[in-house]
Amino acid sequence: MKKLLLASAAGALLAGAAGAEEIKMGISLGLTGPLESIAPAMQKAAELAMKEVSDSGKLLDGSTVTPVVADNTCIDAAASVAAVTRLVTAEGVRGVMGGMCSGEAIASLEQVGVPQGVVMISPSATSPALSTIDDKGFFFRTSPSDARQGEVMADIVLERGINSVAVTYTNNDYGKGLADSFAQAYKDKGGEITVVSAHDDGKADYSAEVAALAAAGGDALVVAGYADQGGSGVIQGSLDTGAFETFVLPDGMVNQTLADKFGAQLETSFGQNPSAEGEGHDKFAELATAAGFDGTSAYAGESYDASALMLLAMQAAKSSDPKVYKDKVMEIANAPGEKIYPGELAKGLELLAAGTDIDYVGATSVELVEPGESAGVYREVDFKGGKLNVVGYR
């Protein structure tokens with residue numbers, strides 16, 4: 001009888017091992033380019049979720065998860081398509097955490113993700129255009145559309161008593177989508193837009209752009225750009241000439257690099273970026289600190305959540321095939337079900353294996369609405385004292 005039991009146990013172990021696989025997961029971020037200062041924390045957050053799942057041994061009969069990283073440059077669509085193509089065709093990834101910026105994310109999705117049938121979950125591509133793409137169910141995002149950010153930003157600006165603004169935006173899908181969304185919302189709520197003009201990234205001098213903005217005037221300047229690129233250049237030019245002293249700064253501009261660069265010169269400036277508060281946010285911040293990175297950095301929480309959602313969806317679908325598990329992402333992200341927070345991915349895997357529903361809350365209070373994007377919580381920030389300060393959430 002004892003030998004029989006041992007043989008049975010050995011057989012069960014072999015059966016479990018047979019079902020295990022090495023699951024490669026892609027990470028497509030702008031490790032170089034206009035948002036390179038926030039990319040490292042985003043990468044580490046995505047890898048943190050993957051390691052948590054892999055170490056648990058509870059994913060699909062003990063499968064392991066291996067991250068494969070690609071630099072999409074954030075702004076070069078051709079480079080992004082090439083990077084994601086390599087991830088999918090050469091590396092054989094079963095999902096992609098990315099893209100990072102809207103233009104390259106659109107190109108990669110349309111030219112690689114949809115044709116190859118690979119799930120992509122972006123933590124930070126926010127263009128409203130991504131809401132209407134025919135993605136065949138393969139694209140999701142853990143950040144809200146800029147259609148929502150434009151509304152929130154308009155409210156914040158008006159509540160601060162600023163009734164006229166000039167707007168400059170980086171000349172791409174992200175910048176134009178956000179500028180249009182904000183301008184419409186601001187005007188609808190009674191604000192005056194003096195001018196809306198584009199700026200190109202990578203220039204050494206923005207004096208011409210600043211002169212045109214100054215001529216139009218306004219109580220403040222909205223800079224819908226990138227902190228590591230033209231957005232900072234426009235701010236520098238405005239400060240040098242005294243054209244503007246108050247800047248309204250959306251998500252692409254809100255990071256510690258900007259505070260470090262300009263310090264007290266941003267005393268009256270403010271803005272917002274997607275974030276969340278509460279138990280999930282706090283737990284993720286603790287996990288990130290233990291892992292050696294800043295969990296409050298822009299889009300870090302969204303990156304952890306994007307990776308976690310794909311892996312949990314695999315467990316719910318009992319398959320690492322993106323054509324199969326894509327149909328489970330919305331289900332596990334929303335109620336009903338037992339709430340799952342950062343650091344509890346093993347628990348989520350166990351519940352799903354047992355056929356129990358989960359409601360993934362994650363680091364950013366995940367709630368996905370059709371067509372698969374975050375409903376959206378924003379943190380309002382200012383730069384008083386030369387520091388990046390959280391004012392509140394909305």
# chains A, B, ... in the order shown; residues from 1 in each chain; ligands from 1

$ residues_around --residues "A:Gln256" --least-positions-apart "2" --cutoff "10 Å" --atoms "only C-alpha atoms" --output "MDAnalysis selection string"
chainID A and resid 37:38 227 253:254 258:261 263 297:298 383 387:389

$ residues_around --residues "A:Asp327" --least-positions-apart "3" --cutoff "10 Å" --atoms "only C-alpha atoms" --output "ChimeraX atom specification"
/A:137-138,313-314,316-317,322-324,330-332

$ closest_atom_pairs --of "stretch 251-318 of chain A" --to "stretch 341-353 of chain A" --cutoff "10 Å" --atoms "only C-alpha atoms" --output "CSV"
residue,atom,partner,partner_atom,distance
A:Glu279,CA,A:Tyr341,CA,7.8
A:Gly280,CA,A:Tyr341,CA,5.4
A:His281,CA,A:Pro342,CA,8.2
A:Asp282,CA,A:Pro342,CA,9.1
A:Lys283,CA,A:Pro342,CA,6.0
A:Phe284,CA,A:Pro342,CA,5.5
A:Ala285,CA,A:Pro342,CA,9.2
A:Glu286,CA,A:Pro342,CA,9.5
A:Leu287,CA,A:Gly343,CA,7.3
A:Gly301,CA,A:Pro342,CA,9.4
A:Tyr304,CA,A:Pro342,CA,8.4
A:Asp305,CA,A:Pro342,CA,8.4
A:Ala308,CA,A:Leu345,CA,7.4
A:Leu309,CA,A:Leu345,CA,9.7
A:Leu311,CA,A:Leu349,CA,8.8
A:Leu312,CA,A:Leu349,CA,6.4
A:Ala313,CA,A:Leu352,CA,9.0
A:Met314,CA,A:Leu349,CA,9.4
A:Gln315,CA,A:Leu349,CA,6.4
A:Ala316,CA,A:Leu352,CA,5.5
A:Ala317,CA,A:Leu352,CA,9.0
A:Lys318,CA,A:Ala353,CA,8.1

$ select_by_dssp --residues "stretch 72-301 of chain A" --states "alpha helix (DSSP H)" --output "PyMOL selection string"
chain A and resi 77-85+102-108+114-116+146-159+173-188+207-216+230-241+256-262+279-291+300-301

$ write_last_selection --atoms "C-alpha atoms" --output "short mmCIF file (atom, residue, chain, number, x, y, z; two decimals), in the first residue's frame"
data_model
loop_
_atom_site.label_atom_id
_atom_site.label_comp_id
_atom_site.auth_asym_id
_atom_site.auth_seq_id
_atom_site.Cartn_x
_atom_site.Cartn_y
_atom_site.Cartn_z
CA ALA A 77 6.86 54.46 -33.87
CA ALA A 78 9.10 52.46 -36.22
CA ALA A 79 11.54 51.66 -33.42
CA SER A 80 8.66 50.61 -31.17
CA VAL A 81 7.16 48.33 -33.82
CA ALA A 82 10.57 46.72 -34.35
CA ALA A 83 11.05 46.27 -30.59
CA VAL A 84 7.64 44.69 -30.02
CA THR A 85 8.01 42.53 -33.14
CA SER A 102 0.48 56.86 -27.14
CA GLY A 103 1.84 57.15 -30.68
CA GLU A 104 4.20 54.20 -30.45
CA ALA A 105 1.60 52.19 -28.52
CA ILE A 106 -0.93 52.72 -31.33
CA ALA A 107 1.62 51.67 -33.97
CA SER A 108 2.74 48.58 -32.03
CA VAL A 114 -3.59 42.69 -33.14
CA PRO A 115 -2.12 40.87 -36.20
CA GLN A 116 -0.07 38.52 -34.00
CA ASP A 146 -6.92 61.79 -21.52
CA ALA A 147 -10.56 62.53 -22.28
CA ARG A 148 -10.95 62.11 -18.51
CA GLN A 149 -7.71 63.93 -17.64
CA GLY A 150 -8.79 66.96 -19.66
CA GLU A 151 -11.94 67.26 -17.56
CA VAL A 152 -10.06 66.88 -14.27
CA MET A 153 -7.42 69.40 -15.30
CA ALA A 154 -10.04 71.95 -16.35
CA ASP A 155 -11.71 71.66 -12.93
CA ILE A 156 -8.41 72.09 -11.06
CA VAL A 157 -7.38 75.15 -13.09
CA LEU A 158 -10.71 76.92 -12.62
CA GLU A 159 -10.87 76.06 -8.92
CA ASP A 173 -0.86 61.74 -30.45
CA TYR A 174 -0.53 62.17 -26.69
CA GLY A 175 0.03 65.92 -26.71
CA LYS A 176 -2.66 66.77 -29.23
CA GLY A 177 -5.25 64.45 -27.70
CA LEU A 178 -4.74 65.89 -24.23
CA ALA A 179 -4.61 69.51 -25.42
CA ASP A 180 -7.85 69.11 -27.36
CA SER A 181 -9.57 67.38 -24.45
CA PHE A 182 -8.50 70.04 -21.94
CA ALA A 183 -9.28 72.99 -24.21
CA GLN A 184 -12.81 71.77 -24.90
CA ALA A 185 -13.53 71.02 -21.23
CA TYR A 186 -12.05 74.34 -20.06
CA LYS A 187 -14.06 76.36 -22.56
CA ASP A 188 -17.24 74.44 -21.74
CA SER A 207 12.38 81.10 -27.64
CA ALA A 208 10.22 81.36 -30.78
CA GLU A 209 7.51 79.14 -29.30
CA VAL A 210 7.61 81.03 -26.01
CA ALA A 211 7.37 84.41 -27.78
CA ALA A 212 4.21 83.32 -29.60
CA LEU A 213 2.66 82.00 -26.38
CA ALA A 214 3.56 85.20 -24.52
CA ALA A 215 2.00 87.32 -27.25
CA ALA A 216 -1.29 85.47 -26.82
CA GLY A 230 10.42 70.00 -24.97
CA GLY A 231 8.13 70.57 -22.01
CA SER A 232 11.09 71.50 -19.83
CA GLY A 233 12.53 73.58 -22.66
CA VAL A 234 9.34 75.63 -22.92
CA ILE A 235 9.28 76.17 -19.14
CA GLN A 236 12.93 77.24 -19.16
CA GLY A 237 12.31 79.69 -21.99
CA SER A 238 9.25 81.11 -20.23
CA LEU A 239 11.13 81.62 -16.97
CA ASP A 240 14.12 83.16 -18.72
CA THR A 241 11.95 85.78 -20.42
CA GLN A 256 10.65 64.40 -9.46
CA THR A 257 13.05 65.31 -12.27
CA LEU A 258 11.07 68.47 -12.96
CA ALA A 259 11.10 69.49 -9.30
CA ASP A 260 14.84 68.83 -9.11
CA LYS A 261 15.49 70.92 -12.21
CA PHE A 262 13.38 73.99 -11.47
CA GLU A 279 -4.74 50.23 0.97
CA GLY A 280 -3.51 49.06 -2.44
CA HIS A 281 -1.43 52.18 -3.01
CA ASP A 282 0.17 51.89 0.43
CA LYS A 283 0.93 48.18 0.11
CA PHE A 284 2.55 48.69 -3.27
CA ALA A 285 4.66 51.58 -1.98
CA GLU A 286 5.96 49.30 0.79
CA LEU A 287 6.74 46.48 -1.65
CA ALA A 288 8.53 48.90 -3.97
CA THR A 289 10.66 50.32 -1.15
CA ALA A 290 11.69 46.80 -0.14
CA ALA A 291 12.58 46.10 -3.79
CA ALA A 300 4.90 52.58 -11.43
CA GLY A 301 1.70 51.27 -9.83
#

$ select_by_dssp --residues "stretch 56-299 of chain A" --states "strand (DSSP E)" --output "VMD selection string"
chain A and resid 64 to 71 96 to 97 120 to 122 139 to 141 164 to 170 192 to 199 220 to 224 247 to 249 270 to 274

$ closest_residue --among "A:Glu245, A:Glu302, A:Asp228, A:Glu277" --to "A:Met100" --atoms "only C-alpha atoms"
A:Glu302

$ atom_distance --atom1 "atom CA of A:Val223" --atom2 "atom CA of A:Gln272"
11.9 Å

$ atom_distance --atom1 "atom CA of A:Val369" --atom2 "atom CA of A:Gly98"
18.6 Å

$ atom_distance --atom1 "atom CA of A:Tyr325" --atom2 "atom CA of A:Ser127"
25.0 Å
